[in-house]
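Raw contents of start.pdb, PDB, C-alpha atoms:
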```pdb
ATOM      1  CA  MET A   1     -12.873  40.861  13.546
ATOM      2  CA  THR A   2     -13.488  43.993  15.609
ATOM      3  CA  ALA A   3     -15.671  47.024  15.068
ATOM      4  CA  ALA A   4     -14.283  50.549  14.753
ATOM      5  CA  LEU A   5     -15.802  54.034  14.784
ATOM      6  CA  ILE A   6     -14.821  57.336  13.145
ATOM      7  CA  TRP A   7     -16.065  60.788  14.257
ATOM      8  CA  CYS A   8     -15.868  63.650  11.750
ATOM      9  CA  PRO A   9     -17.774  66.937  11.426
ATOM     10  CA  PHE A  10     -18.854  68.468   8.110
ATOM     11  CA  GLY A  11     -20.031  71.919   7.105
ATOM     12  CA  ASP A  12     -23.498  70.708   6.056
ATOM     13  CA  VAL A  13     -25.694  67.631   5.674
ATOM     14  CA  GLU A  14     -25.238  67.479   1.902
ATOM     15  CA  SER A  15     -21.453  67.090   2.036
ATOM     16  CA  ALA A  16     -21.784  64.658   4.962
ATOM     17  CA  GLU A  17     -24.225  62.492   2.989
ATOM     18  CA  ALA A  18     -22.066  62.672  -0.163
ATOM     19  CA  ALA A  19     -18.958  61.422   1.660
ATOM     20  CA  ALA A  20     -20.928  58.774   3.548
ATOM     21  CA  GLY A  21     -22.514  57.561   0.310
ATOM     22  CA  GLN A  22     -19.135  57.207  -1.385
ATOM     23  CA  LEU A  23     -17.626  55.325   1.570
ATOM     24  CA  LEU A  24     -20.659  53.000   1.595
ATOM     25  CA  GLU A  25     -20.295  52.396  -2.162
ATOM     26  CA  GLU A  26     -16.604  51.577  -1.670
ATOM     27  CA  ARG A  27     -17.522  49.224   1.237
ATOM     28  CA  LEU A  28     -15.188  51.105   3.589
ATOM     29  CA  ILE A  29     -18.016  51.616   6.091
ATOM     30  CA  ALA A  30     -21.331  49.874   6.778
ATOM     31  CA  CYS A  31     -23.212  52.838   8.251
ATOM     32  CA  ALA A  32     -23.048  56.578   8.927
ATOM     33  CA  ASN A  33     -25.026  58.206  11.746
ATOM     34  CA  ILE A  34     -25.437  61.899  10.902
ATOM     35  CA  LEU A  35     -26.067  64.253  13.850
ATOM     36  CA  PRO A  36     -27.398  67.557  12.540
ATOM     37  CA  ALA A  37     -26.904  70.987  14.100
ATOM     38  CA  ILE A  38     -23.850  70.805  16.321
ATOM     39  CA  ARG A  39     -22.042  73.931  17.486
ATOM     40  CA  SER A  40     -18.236  73.934  17.244
ATOM     41  CA  LEU A  41     -15.718  76.029  19.151
ATOM     42  CA  TYR A  42     -12.160  75.588  17.942
ATOM     43  CA  ARG A  43      -8.639  76.990  17.355
ATOM     44  CA  TRP A  44      -7.437  77.395  13.797
ATOM     45  CA  ASN A  45      -4.193  79.121  12.747
ATOM     46  CA  GLY A  46      -3.725  80.312  16.319
ATOM     47  CA  GLU A  47      -7.104  82.033  16.399
ATOM     48  CA  ARG A  48     -10.341  81.085  18.159
ATOM     49  CA  GLY A  49     -13.355  80.371  15.970
ATOM     50  CA  LYS A  50     -16.899  79.055  16.224
ATOM     51  CA  GLY A  51     -19.488  77.780  13.806
ATOM     52  CA  SER A  52     -22.300  75.393  13.048
ATOM     53  CA  GLU A  53     -21.497  71.927  11.740
ATOM     54  CA  VAL A  54     -22.961  68.463  11.231
ATOM     55  CA  ALA A  55     -21.256  65.535  12.987
ATOM     56  CA  VAL A  56     -21.014  62.048  11.534
ATOM     57  CA  LEU A  57     -20.175  58.799  13.318
ATOM     58  CA  PHE A  58     -19.059  56.229  10.737
ATOM     59  CA  LYS A  59     -19.163  52.493  11.570
ATOM     60  CA  THR A  60     -16.541  50.199  10.099
ATOM     61  CA  ARG A  61     -14.153  47.360  10.979
ATOM     62  CA  ALA A  62     -10.803  47.671  12.719
ATOM     63  CA  ASP A  63      -9.026  46.162   9.710
ATOM     64  CA  LEU A  64     -10.504  48.895   7.472
ATOM     65  CA  LEU A  65     -10.023  51.816   9.875
ATOM     66  CA  ASP A  66      -6.851  53.303   8.380
ATOM     67  CA  ALA A  67      -8.138  52.964   4.811
ATOM     68  CA  ALA A  68     -11.500  54.516   5.723
ATOM     69  CA  VAL A  69      -9.840  57.475   7.506
ATOM     70  CA  ALA A  70      -7.481  58.092   4.567
ATOM     71  CA  ARG A  71     -10.314  57.914   1.991
ATOM     72  CA  LEU A  72     -12.532  60.171   4.123
ATOM     73  CA  GLU A  73      -9.731  62.734   4.325
ATOM     74  CA  ALA A  74      -9.473  62.703   0.506
ATOM     75  CA  LEU A  75     -13.257  62.998   0.049
ATOM     76  CA  HIS A  76     -13.872  65.707   2.677
ATOM     77  CA  PRO A  77     -14.452  69.241   1.376
ATOM     78  CA  TYR A  78     -12.381  70.822   4.189
ATOM     79  CA  ASP A  79      -8.638  71.338   3.678
ATOM     80  CA  ALA A  80      -7.997  69.969   7.173
ATOM     81  CA  PRO A  81     -10.977  67.895   8.355
ATOM     82  CA  ALA A  82     -10.964  66.701  11.996
ATOM     83  CA  ILE A  83     -11.078  62.917  11.598
ATOM     84  CA  SER A  84     -10.708  60.741  14.725
ATOM     85  CA  GLY A  85     -11.043  56.956  14.610
ATOM     86  CA  TRP A  86     -10.858  54.261  17.246
ATOM     87  CA  ARG A  87     -11.115  50.507  17.549
ATOM     88  CA  CYS A  88     -13.910  49.044  19.687
ATOM     89  CA  ASP A  89     -13.463  46.470  22.454
ATOM     90  CA  ALA A  90     -16.917  44.927  22.234
ATOM     91  CA  ALA A  91     -19.757  44.659  19.721
ATOM     92  CA  GLY A  92     -23.031  42.811  19.346
ATOM     93  CA  VAL A  93     -22.793  39.358  17.758
ATOM     94  CA  ALA A  94     -25.168  40.468  14.997
ATOM     95  CA  THR A  95     -23.226  43.737  14.660
ATOM     96  CA  LEU A  96     -20.054  41.834  13.781
ATOM     97  CA  GLY A  97     -21.963  39.648  11.328
ATOM     98  CA  TRP A  98     -23.372  42.745   9.641
ATOM     99  CA  LEU A  99     -19.965  44.473   9.479
ATOM    100  CA  GLY A 100     -18.441  41.310   8.021
ATOM    101  CA  ALA A 101     -21.088  41.107   5.298
ATOM    102  CA  GLU A 102     -21.482  44.777   4.408
ATOM    103  CA  CYS A 103     -17.972  46.202   4.325
ATOM    104  CA  GLY A 104     -14.558  45.112   3.203
ATOM    105  CA  PRO A 105     -13.615  43.393  -0.085
ATOM    106  CA  LEU A 106     -16.359  41.286  -1.674
ATOM    107  CA  LEU A 107     -15.430  37.609  -1.422
ATOM    108  CA  PRO A 108     -15.315  35.736  -4.775
TER     109      PRO A 108
ATOM    110  CA  MET B   1       1.332  61.899  18.382
ATOM    111  CA  THR B   2      -2.164  60.486  18.642
ATOM    112  CA  ALA B   3      -5.575  62.093  18.869
ATOM    113  CA  ALA B   4      -7.885  61.652  21.847
ATOM    114  CA  LEU B   5     -11.551  62.430  22.532
ATOM    115  CA  ILE B   6     -13.489  63.334  25.687
ATOM    116  CA  TRP B   7     -17.297  63.041  26.071
ATOM    117  CA  CYS B   8     -18.957  65.091  28.792
ATOM    118  CA  PRO B   9     -22.531  66.370  29.264
ATOM    119  CA  PHE B  10     -23.400  69.775  30.740
ATOM    120  CA  GLY B  11     -26.595  71.265  32.110
ATOM    121  CA  ASP B  12     -26.806  73.963  29.418
ATOM    122  CA  VAL B  13     -25.046  75.421  26.385
ATOM    123  CA  GLU B  14     -23.685  78.408  28.323
ATOM    124  CA  SER B  15     -21.722  76.318  30.831
ATOM    125  CA  ALA B  16     -20.581  73.982  28.039
ATOM    126  CA  GLU B  17     -19.270  76.929  25.996
ATOM    127  CA  ALA B  18     -17.613  78.483  29.069
ATOM    128  CA  ALA B  19     -15.675  75.311  29.893
ATOM    129  CA  ALA B  20     -14.788  74.713  26.223
ATOM    130  CA  GLY B  21     -13.584  78.290  25.870
ATOM    131  CA  GLN B  22     -11.321  77.974  28.911
ATOM    132  CA  LEU B  23      -9.840  74.662  27.743
ATOM    133  CA  LEU B  24      -9.188  76.214  24.298
ATOM    134  CA  GLU B  25      -7.496  79.215  25.932
ATOM    135  CA  GLU B  26      -5.303  76.886  27.974
ATOM    136  CA  ARG B  27      -4.480  74.855  24.798
ATOM    137  CA  LEU B  28      -5.703  71.644  26.427
ATOM    138  CA  ILE B  29      -8.084  70.998  23.524
ATOM    139  CA  ALA B  30      -8.235  72.134  19.900
ATOM    140  CA  CYS B  31     -12.000  71.863  19.399
ATOM    141  CA  ALA B  32     -15.311  71.215  21.155
ATOM    142  CA  ASN B  33     -18.339  69.853  19.305
ATOM    143  CA  ILE B  34     -21.446  70.798  21.291
ATOM    144  CA  LEU B  35     -24.538  68.617  20.747
ATOM    145  CA  PRO B  36     -27.613  70.437  22.052
ATOM    146  CA  ALA B  37     -30.766  68.866  23.492
ATOM    147  CA  ILE B  38     -29.852  65.376  24.654
ATOM    148  CA  ARG B  39     -32.055  63.448  27.080
ATOM    149  CA  SER B  40     -30.304  61.686  29.963
ATOM    150  CA  LEU B  41     -31.505  58.745  32.043
ATOM    151  CA  TYR B  42     -29.246  57.924  34.959
ATOM    152  CA  ARG B  43     -28.711  56.581  38.499
ATOM    153  CA  TRP B  44     -27.558  59.004  41.196
ATOM    154  CA  ASN B  45     -27.318  58.204  44.927
ATOM    155  CA  GLY B  46     -29.117  54.917  44.303
ATOM    156  CA  GLU B  47     -32.098  56.607  42.679
ATOM    157  CA  ARG B  48     -33.201  56.798  39.059
ATOM    158  CA  GLY B  49     -33.322  60.246  37.442
ATOM    159  CA  LYS B  50     -33.812  61.877  34.042
ATOM    160  CA  GLY B  51     -33.204  65.286  32.569
ATOM    161  CA  SER B  52     -32.198  67.394  29.615
ATOM    162  CA  GLU B  53     -28.506  68.066  28.991
ATOM    163  CA  VAL B  54     -26.074  69.249  26.355
ATOM    164  CA  ALA B  55     -23.292  66.857  25.303
ATOM    165  CA  VAL B  56     -19.806  67.957  24.325
ATOM    166  CA  LEU B  57     -17.156  65.982  22.464
ATOM    167  CA  PHE B  58     -13.752  67.589  23.089
ATOM    168  CA  LYS B  59     -10.828  66.919  20.708
ATOM    169  CA  THR B  60      -7.314  66.800  22.087
ATOM    170  CA  ARG B  61      -4.070  64.779  21.965
ATOM    171  CA  ALA B  62      -3.334  61.559  23.805
ATOM    172  CA  ASP B  63      -0.435  63.208  25.660
ATOM    173  CA  LEU B  64      -2.819  65.892  26.978
ATOM    174  CA  LEU B  65      -5.760  63.600  27.772
ATOM    175  CA  ASP B  66      -5.238  63.223  31.539
ATOM    176  CA  ALA B  67      -4.533  66.948  32.015
ATOM    177  CA  ALA B  68      -7.587  67.928  29.945
ATOM    178  CA  VAL B  69      -9.874  65.549  31.897
ATOM    179  CA  ALA B  70      -8.556  66.834  35.254
ATOM    180  CA  ARG B  71      -8.956  70.503  34.235
ATOM    181  CA  LEU B  72     -12.448  69.848  32.833
ATOM    182  CA  GLU B  73     -13.454  68.222  36.119
ATOM    183  CA  ALA B  74     -12.274  71.360  37.983
ATOM    184  CA  LEU B  75     -14.072  73.722  35.575
ATOM    185  CA  HIS B  76     -17.366  71.810  35.356
ATOM    186  CA  PRO B  77     -20.305  73.239  37.344
ATOM    187  CA  TYR B  78     -21.522  69.748  38.418
ATOM    188  CA  ASP B  79     -20.161  68.245  41.665
ATOM    189  CA  ALA B  80     -19.660  64.921  39.868
ATOM    190  CA  PRO B  81     -19.522  65.457  36.084
ATOM    191  CA  ALA B  82     -19.491  62.350  33.872
ATOM    192  CA  ILE B  83     -16.193  62.712  31.998
ATOM    193  CA  SER B  84     -15.026  59.845  29.751
ATOM    194  CA  GLY B  85     -11.902  60.113  27.594
ATOM    195  CA  TRP B  86     -10.231  57.731  25.162
ATOM    196  CA  ARG B  87      -7.232  57.608  22.894
ATOM    197  CA  CYS B  88      -7.791  57.228  19.147
ATOM    198  CA  ASP B  89      -6.134  54.634  16.916
ATOM    199  CA  ALA B  90      -6.278  56.612  13.683
ATOM    200  CA  ALA B  91      -6.622  60.228  12.592
ATOM    201  CA  GLY B  92      -6.373  62.254   9.402
ATOM    202  CA  VAL B  93      -2.886  63.473   8.488
ATOM    203  CA  ALA B  94      -4.133  67.071   8.554
ATOM    204  CA  THR B  95      -5.968  66.361  11.826
ATOM    205  CA  LEU B  96      -2.722  65.456  13.547
ATOM    206  CA  GLY B  97      -1.006  68.534  12.102
ATOM    207  CA  TRP B  98      -3.827  70.725  13.431
ATOM    208  CA  LEU B  99      -3.752  69.094  16.894
ATOM    209  CA  GLY B 100       0.030  69.530  17.017
ATOM    210  CA  ALA B 101      -0.240  73.229  16.178
ATOM    211  CA  GLU B 102      -3.305  74.205  18.187
ATOM    212  CA  CYS B 103      -2.946  72.450  21.532
ATOM    213  CA  GLY B 104      -0.202  71.636  23.950
ATOM    214  CA  PRO B 105       2.577  73.944  25.217
ATOM    215  CA  LEU B 106       3.616  76.713  22.823
ATOM    216  CA  LEU B 107       7.102  75.993  21.484
ATOM    217  CA  PRO B 108       9.662  78.803  22.062
TER     218      PRO B 108
ATOM    219  CA  MET C   1     -11.712  50.422  37.530
ATOM    220  CA  THR C   2     -12.097  52.034  34.104
ATOM    221  CA  ALA C   3     -15.044  53.632  32.357
ATOM    222  CA  ALA C   4     -16.507  52.291  29.122
ATOM    223  CA  LEU C   5     -18.965  53.623  26.543
ATOM    224  CA  ILE C   6     -21.454  51.946  24.195
ATOM    225  CA  TRP C   7     -22.981  53.601  21.104
ATOM    226  CA  CYS C   8     -26.212  52.160  19.729
ATOM    227  CA  PRO C   9     -29.010  53.628  17.574
ATOM    228  CA  PHE C  10     -32.714  52.848  18.039
ATOM    229  CA  GLY C  11     -35.770  53.348  15.873
ATOM    230  CA  ASP C  12     -37.424  55.765  18.312
ATOM    231  CA  VAL C  13     -37.077  57.440  21.704
ATOM    232  CA  GLU C  14     -39.535  55.087  23.385
ATOM    233  CA  SER C  15     -37.574  51.916  22.615
ATOM    234  CA  ALA C  16     -34.317  53.707  23.476
ATOM    235  CA  GLU C  17     -35.695  54.759  26.870
ATOM    236  CA  ALA C  18     -37.140  51.285  27.529
ATOM    237  CA  ALA C  19     -33.797  49.559  26.924
ATOM    238  CA  ALA C  20     -31.897  52.226  28.895
ATOM    239  CA  GLY C  21     -34.331  51.884  31.794
ATOM    240  CA  GLN C  22     -33.907  48.120  31.927
ATOM    241  CA  LEU C  23     -30.084  48.347  31.816
ATOM    242  CA  LEU C  24     -30.201  50.938  34.626
ATOM    243  CA  GLU C  25     -32.456  48.689  36.702
ATOM    244  CA  GLU C  26     -30.053  45.786  36.182
ATOM    245  CA  ARG C  27     -27.086  48.056  37.144
ATOM    246  CA  LEU C  28     -25.339  47.287  33.863
ATOM    247  CA  ILE C  29     -25.023  51.016  33.077
ATOM    248  CA  ALA C  30     -25.078  54.187  35.175
ATOM    249  CA  CYS C  31     -26.374  56.576  32.483
ATOM    250  CA  ALA C  32     -27.762  56.806  28.959
ATOM    251  CA  ASN C  33     -27.428  59.960  26.864
ATOM    252  CA  ILE C  34     -30.152  59.879  24.197
ATOM    253  CA  LEU C  35     -29.491  61.962  21.055
ATOM    254  CA  PRO C  36     -32.753  62.451  19.178
ATOM    255  CA  ALA C  37     -33.194  62.862  15.415
ATOM    256  CA  ILE C  38     -30.116  61.387  13.749
ATOM    257  CA  ARG C  39     -30.114  60.459  10.077
ATOM    258  CA  SER C  40     -28.610  57.055   9.155
ATOM    259  CA  LEU C  41     -27.211  55.908   5.820
ATOM    260  CA  TYR C  42     -26.295  52.237   5.754
ATOM    261  CA  ARG C  43     -25.894  48.935   3.860
ATOM    262  CA  TRP C  44     -28.186  46.056   4.780
ATOM    263  CA  ASN C  45     -28.421  42.745   2.878
ATOM    264  CA  GLY C  46     -26.222  44.193   0.144
ATOM    265  CA  GLU C  47     -28.558  47.140  -0.422
ATOM    266  CA  ARG C  48     -28.211  50.798   0.467
ATOM    267  CA  GLY C  49     -30.771  52.250   2.881
ATOM    268  CA  LYS C  50     -31.451  55.415   4.866
ATOM    269  CA  GLY C  51     -33.705  56.362   7.738
ATOM    270  CA  SER C  52     -34.232  58.380  10.884
ATOM    271  CA  GLU C  53     -33.026  57.007  14.195
ATOM    272  CA  VAL C  54     -32.245  57.967  17.775
ATOM    273  CA  ALA C  55     -28.685  57.417  19.029
ATOM    274  CA  VAL C  56     -27.824  56.437  22.584
ATOM    275  CA  LEU C  57     -24.456  56.624  24.327
ATOM    276  CA  PHE C  58     -24.503  54.330  27.359
ATOM    277  CA  LYS C  59     -21.990  54.831  30.214
ATOM    278  CA  THR C  60     -20.722  51.817  32.097
ATOM    279  CA  ARG C  61     -17.537  50.228  33.486
ATOM    280  CA  ALA C  62     -14.955  48.255  31.511
ATOM    281  CA  ASP C  63     -15.581  45.168  33.664
ATOM    282  CA  LEU C  64     -19.297  45.293  32.738
ATOM    283  CA  LEU C  65     -18.843  46.148  29.040
ATOM    284  CA  ASP C  66     -19.323  42.665  27.568
ATOM    285  CA  ALA C  67     -22.324  41.894  29.800
ATOM    286  CA  ALA C  68     -23.944  45.264  28.979
ATOM    287  CA  VAL C  69     -23.456  44.776  25.218
ATOM    288  CA  ALA C  70     -24.891  41.236  25.361
ATOM    289  CA  ARG C  71     -27.915  42.337  27.422
ATOM    290  CA  LEU C  72     -28.514  45.349  25.153
ATOM    291  CA  GLU C  73     -28.469  43.058  22.115
ATOM    292  CA  ALA C  74     -31.132  40.856  23.771
ATOM    293  CA  LEU C  75     -33.288  43.860  24.745
ATOM    294  CA  HIS C  76     -33.042  45.758  21.445
ATOM    295  CA  PRO C  77     -36.101  45.598  19.168
ATOM    296  CA  TYR C  78     -33.951  45.297  15.999
ATOM    297  CA  ASP C  79     -32.963  41.814  14.764
ATOM    298  CA  ALA C  80     -29.400  43.063  14.209
ATOM    299  CA  PRO C  81     -28.759  46.226  16.259
ATOM    300  CA  ALA C  82     -25.479  48.089  15.660
ATOM    301  CA  ILE C  83     -23.844  47.971  19.106
ATOM    302  CA  SER C  84     -20.263  49.269  19.465
ATOM    303  CA  GLY C  85     -18.525  49.465  22.839
ATOM    304  CA  TRP C  86     -15.094  50.667  23.908
ATOM    305  CA  ARG C  87     -13.036  51.048  27.032
ATOM    306  CA  CYS C  88     -11.950  54.530  28.097
ATOM    307  CA  ASP C  89      -8.387  55.579  28.954
ATOM    308  CA  ALA C  90      -9.261  58.423  31.300
ATOM    309  CA  ALA C  91     -12.215  59.533  33.417
ATOM    310  CA  GLY C  92     -12.952  62.131  36.057
ATOM    311  CA  VAL C  93     -12.217  61.099  39.651
ATOM    312  CA  ALA C  94     -15.861  61.725  40.574
ATOM    313  CA  THR C  95     -16.956  59.875  37.416
ATOM    314  CA  LEU C  96     -15.205  56.704  38.559
ATOM    315  CA  GLY C  97     -16.693  57.053  42.040
ATOM    316  CA  TRP C  98     -20.173  57.404  40.534
ATOM    317  CA  LEU C  99     -19.686  54.401  38.193
ATOM    318  CA  GLY C 100     -18.433  52.331  41.124
ATOM    319  CA  ALA C 101     -21.476  53.193  43.225
ATOM    320  CA  GLU C 102     -24.217  53.076  40.610
ATOM    321  CA  CYS C 103     -23.474  50.044  38.459
ATOM    322  CA  GLY C 104     -22.216  46.550  38.984
ATOM    323  CA  PRO C 105     -23.319  44.017  41.625
ATOM    324  CA  LEU C 106     -24.588  45.513  44.884
ATOM    325  CA  LEU C 107     -22.070  44.863  47.646
ATOM    326  CA  PRO C 108     -23.486  43.033  50.735
TER     327      PRO C 108
END
```
For the file at hand, write its structure as structure tokens.
Amino acid sequence: MTAALIWCPFGDVESAEAAAGQLLEERLIACANILPAIRSLYRWNGERGKGSEVAVLFKTRADLLDAAVARLEALHPYDAPAISGWRCDAAGVATLGWLGAECGPLLP
Amino acid sequence: MTAALIWCPFGDVESAEAAAGQLLEERLIACANILPAIRSLYRWNGERGKGSEVAVLFKTRADLLDAAVARLEALHPYDAPAISGWRCDAAGVATLGWLGAECGPLLP
Amino acid sequence: MTAALIWCPFGDVESAEAAAGQLLEERLIACANILPAIRSLYRWNGERGKGSEVAVLFKTRADLLDAAVARLEALHPYDAPAISGWRCDAAGVATLGWLGAECGPLLP
């Protein structure tokens, strides 16, 4: 079992917490670190834009990464949220135990 | 096409925004999330140091990662900026569409 | 030689700085970027929880990643810290020079 991380900005803390809460309930993640007050510069429809956002780093397992990204995309209030996920190469022993217990399907 | 991310601190928001703006203009990235007010502890020339910085997470494509890192290194005001980039293993469907449209060479 | 990154939250800045300082002294990392004031939503022992934390992104080398994660787990004040590490695919030329000089065993 390997850890995985997902980075995704939101427009505000409320929508970030709502999506994180739902993903926690559905056991697709074990934790969400919410970083308030980031500043974003971007291109959208060929134009430059900038704005204030909230960034979230979601912690999950590699075997749940695709499902968590797809569910997050469905839950996110943006039409085209910027969701980037990656598998980890190392994790704490206790981290893996925690991920195994707190996300993924509940064992009978 | 796969997403990729680059993490790089700057000395201040102005230089972070200047570099991000140039990389956006050159279509080497599609977005920069700027995280103000980080505290850095480091080793430099064998000595310990600490200071305040601004962190930036740049979003690009895996096929542009090396070019974006090289250009960022040239643009960065530090002599030896700490630039770390990695390919992602998953991304939102709309995220990939956005990256395809907003960075990389303009199609005729 | 390749760069690697480790993400790990702490309960407060003091414990984050203490662990970062020890890893720097032991040349297991070359830098720690400390992001103050993150908000964490998580599952622990089957229950939902939330709290304030400090996030740290540690910079090291791929060949030191496992040792740095294991040492961080031993140093961390939590019983089960969330430690996630990953190898990078690209880094600045000067970044690799700095990582080579500032972490890893001292050459005779």
Could the residues of chain A within 7 Å of chain B, counting only C-alpha atoms, be given as a ChimeraX atom specification, please? /A:38-44,46,66,69-70,73,80-87
Output chain A, superimposed onto chain B using in-order Cα pairs, as a JSON list (two decimals) with C-alpha atoms, in the coordinates of the input:
```json
[["chain", "number", "residue", "atom", "x", "y", "z"],
["A", 1, "MET", "CA", 1.35, 61.91, 18.39],
["A", 2, "THR", "CA", -2.16, 60.48, 18.65],
["A", 3, "ALA", "CA", -5.57, 62.09, 18.87],
["A", 4, "ALA", "CA", -7.89, 61.65, 21.85],
["A", 5, "LEU", "CA", -11.55, 62.43, 22.53],
["A", 6, "ILE", "CA", -13.49, 63.33, 25.68],
["A", 7, "TRP", "CA", -17.29, 63.04, 26.07],
["A", 8, "CYS", "CA", -18.97, 65.09, 28.81],
["A", 9, "PRO", "CA", -22.53, 66.37, 29.27],
["A", 10, "PHE", "CA", -23.41, 69.77, 30.74],
["A", 11, "GLY", "CA", -26.61, 71.26, 32.12],
["A", 12, "ASP", "CA", -26.81, 73.96, 29.42],
["A", 13, "VAL", "CA", -25.04, 75.41, 26.39],
["A", 14, "GLU", "CA", -23.68, 78.40, 28.32],
["A", 15, "SER", "CA", -21.72, 76.31, 30.83],
["A", 16, "ALA", "CA", -20.58, 73.97, 28.02],
["A", 17, "GLU", "CA", -19.27, 76.92, 25.99],
["A", 18, "ALA", "CA", -17.61, 78.48, 29.06],
["A", 19, "ALA", "CA", -15.67, 75.30, 29.88],
["A", 20, "ALA", "CA", -14.79, 74.71, 26.23],
["A", 21, "GLY", "CA", -13.57, 78.29, 25.88],
["A", 22, "GLN", "CA", -11.31, 77.98, 28.92],
["A", 23, "LEU", "CA", -9.84, 74.66, 27.73],
["A", 24, "LEU", "CA", -9.20, 76.21, 24.30],
["A", 25, "GLU", "CA", -7.50, 79.23, 25.92],
["A", 26, "GLU", "CA", -5.30, 76.88, 27.98],
["A", 27, "ARG", "CA", -4.49, 74.87, 24.79],
["A", 28, "LEU", "CA", -5.71, 71.65, 26.43],
["A", 29, "ILE", "CA", -8.08, 70.99, 23.52],
["A", 30, "ALA", "CA", -8.24, 72.13, 19.89],
["A", 31, "CYS", "CA", -12.00, 71.86, 19.39],
["A", 32, "ALA", "CA", -15.31, 71.22, 21.15],
["A", 33, "ASN", "CA", -18.35, 69.85, 19.30],
["A", 34, "ILE", "CA", -21.46, 70.80, 21.29],
["A", 35, "LEU", "CA", -24.55, 68.62, 20.74],
["A", 36, "PRO", "CA", -27.61, 70.44, 22.06],
["A", 37, "ALA", "CA", -30.75, 68.87, 23.50],
["A", 38, "ILE", "CA", -29.85, 65.38, 24.66],
["A", 39, "ARG", "CA", -32.05, 63.46, 27.08],
["A", 40, "SER", "CA", -30.31, 61.68, 29.97],
["A", 41, "LEU", "CA", -31.51, 58.75, 32.05],
["A", 42, "TYR", "CA", -29.24, 57.92, 34.96],
["A", 43, "ARG", "CA", -28.72, 56.59, 38.52],
["A", 44, "TRP", "CA", -27.57, 59.00, 41.19],
["A", 45, "ASN", "CA", -27.33, 58.22, 44.92],
["A", 46, "GLY", "CA", -29.12, 54.93, 44.29],
["A", 47, "GLU", "CA", -32.10, 56.63, 42.68],
["A", 48, "ARG", "CA", -33.20, 56.81, 39.04],
["A", 49, "GLY", "CA", -33.31, 60.25, 37.44],
["A", 50, "LYS", "CA", -33.82, 61.87, 34.05],
["A", 51, "GLY", "CA", -33.21, 65.28, 32.58],
["A", 52, "SER", "CA", -32.20, 67.38, 29.62],
["A", 53, "GLU", "CA", -28.53, 68.07, 28.99],
["A", 54, "VAL", "CA", -26.07, 69.25, 26.35],
["A", 55, "ALA", "CA", -23.29, 66.85, 25.30],
["A", 56, "VAL", "CA", -19.81, 67.95, 24.32],
["A", 57, "LEU", "CA", -17.15, 65.98, 22.45],
["A", 58, "PHE", "CA", -13.75, 67.59, 23.08],
["A", 59, "LYS", "CA", -10.83, 66.92, 20.70],
["A", 60, "THR", "CA", -7.31, 66.80, 22.08],
["A", 61, "ARG", "CA", -4.07, 64.79, 21.96],
["A", 62, "ALA", "CA", -3.34, 61.56, 23.80],
["A", 63, "ASP", "CA", -0.44, 63.20, 25.65],
["A", 64, "LEU", "CA", -2.82, 65.89, 26.98],
["A", 65, "LEU", "CA", -5.76, 63.60, 27.78],
["A", 66, "ASP", "CA", -5.23, 63.23, 31.54],
["A", 67, "ALA", "CA", -4.53, 66.94, 32.00],
["A", 68, "ALA", "CA", -7.59, 67.92, 29.95],
["A", 69, "VAL", "CA", -9.87, 65.55, 31.90],
["A", 70, "ALA", "CA", -8.56, 66.83, 35.25],
["A", 71, "ARG", "CA", -8.95, 70.50, 34.23],
["A", 72, "LEU", "CA", -12.44, 69.85, 32.83],
["A", 73, "GLU", "CA", -13.46, 68.23, 36.12],
["A", 74, "ALA", "CA", -12.27, 71.35, 37.99],
["A", 75, "LEU", "CA", -14.07, 73.71, 35.58],
["A", 76, "HIS", "CA", -17.37, 71.80, 35.36],
["A", 77, "PRO", "CA", -20.29, 73.23, 37.35],
["A", 78, "TYR", "CA", -21.50, 69.75, 38.43],
["A", 79, "ASP", "CA", -20.16, 68.24, 41.66],
["A", 80, "ALA", "CA", -19.66, 64.92, 39.87],
["A", 81, "PRO", "CA", -19.52, 65.46, 36.09],
["A", 82, "ALA", "CA", -19.49, 62.34, 33.87],
["A", 83, "ILE", "CA", -16.19, 62.72, 32.00],
["A", 84, "SER", "CA", -15.02, 59.85, 29.75],
["A", 85, "GLY", "CA", -11.90, 60.11, 27.60],
["A", 86, "TRP", "CA", -10.23, 57.75, 25.17],
["A", 87, "ARG", "CA", -7.22, 57.61, 22.90],
["A", 88, "CYS", "CA", -7.78, 57.24, 19.15],
["A", 89, "ASP", "CA", -6.14, 54.64, 16.91],
["A", 90, "ALA", "CA", -6.28, 56.62, 13.69],
["A", 91, "ALA", "CA", -6.62, 60.24, 12.59],
["A", 92, "GLY", "CA", -6.38, 62.26, 9.40],
["A", 93, "VAL", "CA", -2.89, 63.48, 8.49],
["A", 94, "ALA", "CA", -4.13, 67.08, 8.56],
["A", 95, "THR", "CA", -5.98, 66.36, 11.82],
["A", 96, "LEU", "CA", -2.71, 65.45, 13.54],
["A", 97, "GLY", "CA", -1.01, 68.53, 12.10],
["A", 98, "TRP", "CA", -3.82, 70.72, 13.43],
["A", 99, "LEU", "CA", -3.75, 69.09, 16.89],
["A", 100, "GLY", "CA", 0.02, 69.53, 17.01],
["A", 101, "ALA", "CA", -0.23, 73.23, 16.18],
["A", 102, "GLU", "CA", -3.30, 74.21, 18.19],
["A", 103, "CYS", "CA", -2.95, 72.46, 21.53],
["A", 104, "GLY", "CA", -0.20, 71.63, 23.96],
["A", 105, "PRO", "CA", 2.58, 73.94, 25.22],
["A", 106, "LEU", "CA", 3.61, 76.71, 22.82],
["A", 107, "LEU", "CA", 7.09, 76.00, 21.48],
["A", 108, "PRO", "CA", 9.66, 78.79, 22.09]]
```
Atom-to-atom span, atom CA of C:Asp79 and atom CA of A:Glu26, Å: 25.2 Å
First collect every listed atom of stretch 32-35 of chain A; then fit an axis-aligned box around them, widen it by 5 Å on each side, and give centre and edge lengths in Å to one decimal, as JSON.
```
{"center_x": -24.6, "center_y": 60.4, "center_z": 11.4, "size_x": 13.0, "size_y": 17.7, "size_z": 14.9}
```
